Amino acid sequence: MRRFFSLTLRIYTKILQALFLTGLVFFVLNFIFPLDMTKLQEYSVIVTDYQGQPIHIYQTKNGYWRLPVKVDKIDPKFVSSLQVVEDKRFFQHPGIDPIALLRASWQLVTNGRIVSGASTITMQTARLLEPRPRNFVSKIVEMFRAVQLELGYSKQEILEMYLNLTPYGGNIQGLRAASLLYFGKEPFVLSDAEIALLIGLPQSPESTRPDRFPEKAKLIRDFVLNKLETADVLTKDNVIQAQAQIVPHRRLNVPRLAPHLSYRLFSSAEKALPTQVIPTSLDVNIQTSVEQLAQNKQTFLQNGATLAILVVENKTRLVRAYVGSGNFYDPKILGQNDMVRAIRSPGSTLKPLIYGIAFDQLFLHPETLINDAPIRFGDYAPQNFDRNFHGNVNARKALQLSLNIPAVLILDRLGPDHFLEILKKSGIVFHLPPGVQRAGLPIALGGIGINLEQLVTLYTGFANDGWVKPLNYAPVIPATEGIRLMGDIAAWYIRQILQDSPSPPGMIAAKYLKQGREVAFKTGTSYGFRDAWAIGYDRDYTVGVWVGRPDGSFSPYQIGREEAAPILFDVFNQLPVLPSSSPKKPDNFQEIKWEDLPTALKFFNNKKNVVSLNSLYSQANQIKIDFPLDKSVVEVKTQPAIESIMLEISGGKPPFLWFVNGQQIDFPRYRRKISWTPADVGFARITVMDSDNQSYTVEIWLKEHAL
């Protein structure tokens with residue numbers, strides 16, 4: 001008995017020594033030959049829409065379609081079927097299946113040939129990570145690598161590696177890429193026939209490719225279906241139905257939407273950190289329909305001409321569709337040029353901004369009469385597009401008819417430099433013509449460089465009560481305050497005016513239709529008909545359209561109202577209606593007839609210095625707000641309610657009109673000292689105007705009083 005125990009102890013000791021020695025050798029080899037996981041960093045870059053739907057996919061640097069996928073994003077039936085066919089004891093063995101190894105060895109000895117393999121999913125994963133010739137030495141290396149994988153990663157992680165690297169013929173690697181390219185869908189829900197094909201193809205990916213050898217692909221699929229029936233995973237009826245389905249005979253195209261924006265973001269991502277997924281704000285449904293519309297319109301454009309379209313959701317500034325040209329792949333129209341960002345002459349599209357700022361600065365009203373007559377500014381003599389003069393027209397009609405002379409007169413009063421400074425605060429970068437050092441009056445008619453993206457950014461301000469913010473290309477809305485370009489009353493005036501603009505040729509105005517979209521829009525045509533523009537907005541979206549030749553050459557008779565405006569309305573007709581409220585008139589908004597306007601606002605005076613012109617007032621009689629001081633911070637109590645502050649003026653001639661943030665406030669018109677209760681703390685712009693059109697403005701910051 002003692003001898004038996006002694007012998008047993010020696011055996012156990014030898015086993016422990018062997019295990020220790022094996023572990024030590026493995027530890028040393030693992031240190032010397034670590035796993036090479038670089039392949040798992042090489043994935044196709046996927047550009048997605050705001051809901052995560054792929055809209056554009058790029059190949060890996062080596063030219064493969066390889067898309068990352070997680071187990072929880074795969075049909076569970078596929079995972080269980082794969083385990084049955086490839087590795088029944090995957091979740092039990094340590095990377096090497098001893099039972100399968102013994103069975104394969106016995107079959108080799110008894111049959112003189114390989115009857116079944118003993119390769120596990122982990123071993124196959126090791127081979128995919130580190131491809132080697134198929135021989136005995138390679139098999140030993142695979143076993144070693146399989147154990148390394150099992151010690152370093154969970155079973156789910158190993159399974160995901162396998163599913164991401166499995167070859168499916170040609171340059172398709174991974175389950176997700178195969179599902180998209182063969183079936184046109186994500187592998188989240190798969191049919192029995194699809195599951196069997198995706199399990200069978202990796203066994204011989206090149207000789208059973210469905211796009212080249214559909215008959216062989218069907219044979220391997222049916223073979224897997226029979227194995228699943230034998231394993232009681234599928235019934236006989238399931239197998240018969242699955243085998244009756246047609247094997248895909250060709251590869252589908254990967255998503256290639258929004259190529260210009262995708263490349264723009266892809267290039268930026270490459271310069272930053274490597275990433276596999278680039279989320280965008282685009283809506284795949286809107287992008288698809290707008291791209292299709294652009295391609296259809298492209299066929300009717302002049303030779304060499306193309307178009308660009310940008311669709312933005314007003315409330316969030318999220319870009320929902322981005323079309324940089326009518327056909328990205330057409331060299332005849334230089335289709336790879338992104339015309340959304342191309343610097344072009346804006347034609348008349350800046351006019352609403354000129355009018356809006358003039359309304360906001362209280363020297364113009366929609367009913368103010370302007371004399372549309374010949375005029376000269378030095379050597380510059382602007383003319384209307386139709387070469388006619390219309391005499392006295394109100395500002396409303398002058399903007400609707402896009403008259404040039406009134407716009408130049410208003411800009412002259414406003415000041416070109418001052419106008420551009422206001423727009424620059426919104427983050428807009430303008431480009432002056434070569435050799436021009438300073439902005440001049442021609443900018444009212446397009447004498448400056450701007451792109452479609454910037455124009456749409458500015459027009460979203462009209463739809464948001466005068467607030468301008470950058471457009472959002474990511475699905476997450478950043479917390480940006482933006483810049484107030486004009487007050488809400490001025491923005492409302494522009495909306496009213498542009499909504500009543502004449503419709504494009506052959507179109508019926510929305511107000512005459514039962515379910516028409518009320519679109520406020522402005523068109524523009526640059527010198528030489530090089531650029532045709534249409535920018536419009538309704539309660540939900542702002543849309544910009546540009547038509548022209550990318551090389552900037554003349555495009556005869558390419559007019560914004562005739563070329564771009566019909567496309568604009570076609571885009572709006574394809575947009576969904578959002579659950580947003582209808583635009584509301586600003587608080588304190590008052591409809592004023594021409595007869596009720598202050599004398600100075602009835603007729604437009606383009607002279608900047610009204611006081612010196614009429615010689616009615618000395619410098620001491622200039623109207624001025626004495627309190628609060630300009631650029632001051634005023635503390636106010638907010639509990640239980642916001643307290644009132646005093647507004648005090650000197651000079652000027654009563655009656656006085658008061659405006660806060662562009663809204664007229666109903667104060668006693670003959671008092672020089674009044675009490676005003678703010679609606680909230682924060683920025684406030686206070687303006688007073690007297691009966692002779694003198695005005696004075698202060699900007700203050702209302703701060704909550706610290707108790």
# chains A, B, ... in the order shown; residues from 1 in each chain; ligands from 1
>>> residues_around(residues="A:Val636", least_positions_apart="4", cutoff="12 Å", atoms="only C-alpha atoms", output="list in words")
Pro640, Ala641, Ile642, Glu643, Ser644, Ile645, Met646, Trp676, Thr677, Pro678, Ala679, Asp680, Val681, Gly682, Trp701, Leu702, Lys703, Glu704, His705, Ala706 and Leu707 of chain A
>>> select_by_dssp(residues="stretch 69-306 of chain A", states="strand (DSSP E)", output="ChimeraX atom specification")
/A:172-173,277-279,306
>>> residues_around(residues="stretch 451-461 of chain A", least_positions_apart="5", cutoff="7 Å", atoms="only C-alpha atoms", output="PyMOL selection string")
chain A and resi 314+340-344+428+466-468+470-471+535+542-544
>>> write_last_selection(atoms="C-alpha atoms", output="tab-separated table (two decimals), in the first residue's frame")
chain	number	residue	atom	x	y	z
A	314	ASN	CA	-34.66	75.05	-38.88
A	340	VAL	CA	-22.02	73.49	-51.61
A	341	ARG	CA	-18.71	74.98	-50.49
A	342	ALA	CA	-17.60	76.61	-53.74
A	343	ILE	CA	-17.17	80.38	-53.49
A	344	ARG	CA	-19.50	82.08	-55.98
A	428	ILE	CA	-19.63	84.11	-42.23
A	466	GLY	CA	-33.12	86.58	-36.38
A	467	TRP	CA	-30.77	84.19	-34.52
A	468	VAL	CA	-27.94	82.76	-36.63
A	470	PRO	CA	-23.62	77.32	-37.39
A	471	LEU	CA	-25.10	74.38	-39.26
A	535	ILE	CA	-32.88	80.02	-51.06
A	542	THR	CA	-34.41	75.96	-45.01
A	543	VAL	CA	-33.35	74.83	-48.48
A	544	GLY	CA	-30.65	76.23	-50.73
>>> closest_atom_pairs(of="stretch 276-355 of chain A", to="stretch 392-415 of chain A", cutoff="10 Å", atoms="only C-alpha atoms", output="tab-separated table")
residue	atom	partner	partner_atom	distance
A:Ser348	CA	A:Ser402	CA	7.1
A:Thr349	CA	A:Ser402	CA	9.2
A:Leu350	CA	A:Ala407	CA	9.5
A:Lys351	CA	A:Ala407	CA	6.4
A:Pro352	CA	A:Leu399	CA	7.1
A:Ile354	CA	A:Leu411	CA	6.4
A:Tyr355	CA	A:Ile410	CA	7.3
>>> write_last_selection(atoms="C-alpha atoms", output="tab-separated table (two decimals), in the first residue's frame")
chain	number	residue	atom	x	y	z
A	348	SER	CA	-29.45	89.14	-55.25
A	349	THR	CA	-29.66	86.63	-52.40
A	350	LEU	CA	-28.09	89.07	-49.90
A	351	LYS	CA	-30.87	91.62	-50.42
A	352	PRO	CA	-33.21	90.20	-47.72
A	354	ILE	CA	-29.82	94.18	-46.21
A	355	TYR	CA	-33.52	94.93	-45.83
>>> atom_distance(atom1="atom CA of A:Gln245", atom2="atom CA of A:Asp72")
26.7 Å
>>> select_by_dssp(residues="stretch 328-398 of chain A", states="alpha helix (DSSP H)", output="CSV table (one decimal) with N, CA and C atoms, in the first residue's frame")
chain,number,residue,atom,x,y,z
A,351,LYS,N,-29.9,90.5,-50.6
A,351,LYS,CA,-30.9,91.6,-50.4
A,351,LYS,C,-31.8,91.5,-49.2
A,352,PRO,N,-32.4,90.3,-48.9
A,352,PRO,CA,-33.2,90.2,-47.7
A,352,PRO,C,-32.5,90.5,-46.4
A,353,LEU,N,-31.2,90.2,-46.4
A,353,LEU,CA,-30.4,90.5,-45.2
A,353,LEU,C,-30.2,92.0,-45.1
A,354,ILE,N,-30.0,92.7,-46.2
A,354,ILE,CA,-29.8,94.2,-46.2
A,354,ILE,C,-31.1,94.8,-45.7
A,355,TYR,N,-32.2,94.4,-46.3
A,355,TYR,CA,-33.5,94.9,-45.8
A,355,TYR,C,-33.8,94.6,-44.4
A,356,GLY,N,-33.5,93.4,-44.0
A,356,GLY,CA,-33.8,93.0,-42.6
A,356,GLY,C,-33.1,93.8,-41.6
A,357,ILE,N,-31.8,94.0,-41.8
A,357,ILE,CA,-31.0,94.8,-40.9
A,357,ILE,C,-31.4,96.3,-40.9
A,358,ALA,N,-31.8,96.7,-42.1
A,358,ALA,CA,-32.4,98.1,-42.2
A,358,ALA,C,-33.7,98.2,-41.4
A,359,PHE,N,-34.6,97.2,-41.5
A,359,PHE,CA,-35.8,97.2,-40.7
A,359,PHE,C,-35.4,97.3,-39.2
A,360,ASP,N,-34.4,96.4,-38.8
A,360,ASP,CA,-34.0,96.3,-37.4
A,360,ASP,C,-33.4,97.6,-36.9
A,395,ALA,N,-40.9,99.4,-49.8
A,395,ALA,CA,-39.8,98.5,-49.6
A,395,ALA,C,-40.2,97.1,-49.8
A,396,ARG,N,-41.4,96.8,-49.4
A,396,ARG,CA,-42.0,95.4,-49.6
A,396,ARG,C,-41.9,95.0,-51.0
A,397,LYS,N,-42.5,95.8,-51.9
A,397,LYS,CA,-42.5,95.5,-53.3
A,397,LYS,C,-41.1,95.5,-53.9
A,398,ALA,N,-40.3,96.4,-53.5
A,398,ALA,CA,-38.9,96.5,-54.0
A,398,ALA,C,-38.2,95.2,-53.8
>>> residues_around(residues="A:Ile309", least_positions_apart="6", cutoff="12 Å", atoms="only C-alpha atoms", output="JSON, numbers by chain")
{"A": [258, 260, 261, 286, 287, 289, 290, 291, 292, 293, 294, 295, 297, 298, 319, 320, 321, 322, 323, 324, 325, 326, 338, 339, 340, 341, 451, 452, 453, 455, 456, 533, 534, 535, 536, 542, 543, 544, 545, 546, 547, 564, 565, 567, 568, 569, 570, 571, 572]}
>>> closest_residue(among="A:Met37, A:Ala532, A:Ile121, A:Ile195", to="A:Gly446", atoms="only C-alpha atoms")
A:Ala532
>>> residues_around(residues="stretch 76-89 of chain A", least_positions_apart="3", cutoff="9 Å", atoms="only C-alpha atoms", output="PyMOL selection string")
chain A and resi 71-73+92-93+97+118-121+187-190+192+195-196+198-199+224+227-228+231+233
>>> closest_residue(among="A:Glu194, A:Gly95, A:Asp211, A:Thr480", to="A:Arg145", atoms="only C-alpha atoms")
A:Gly95
>>> closest_residue(among="A:Tyr43, A:Phe328, A:Tyr168, A:Phe656", to="A:Tyr263", atoms="only C-alpha atoms")
A:Phe328
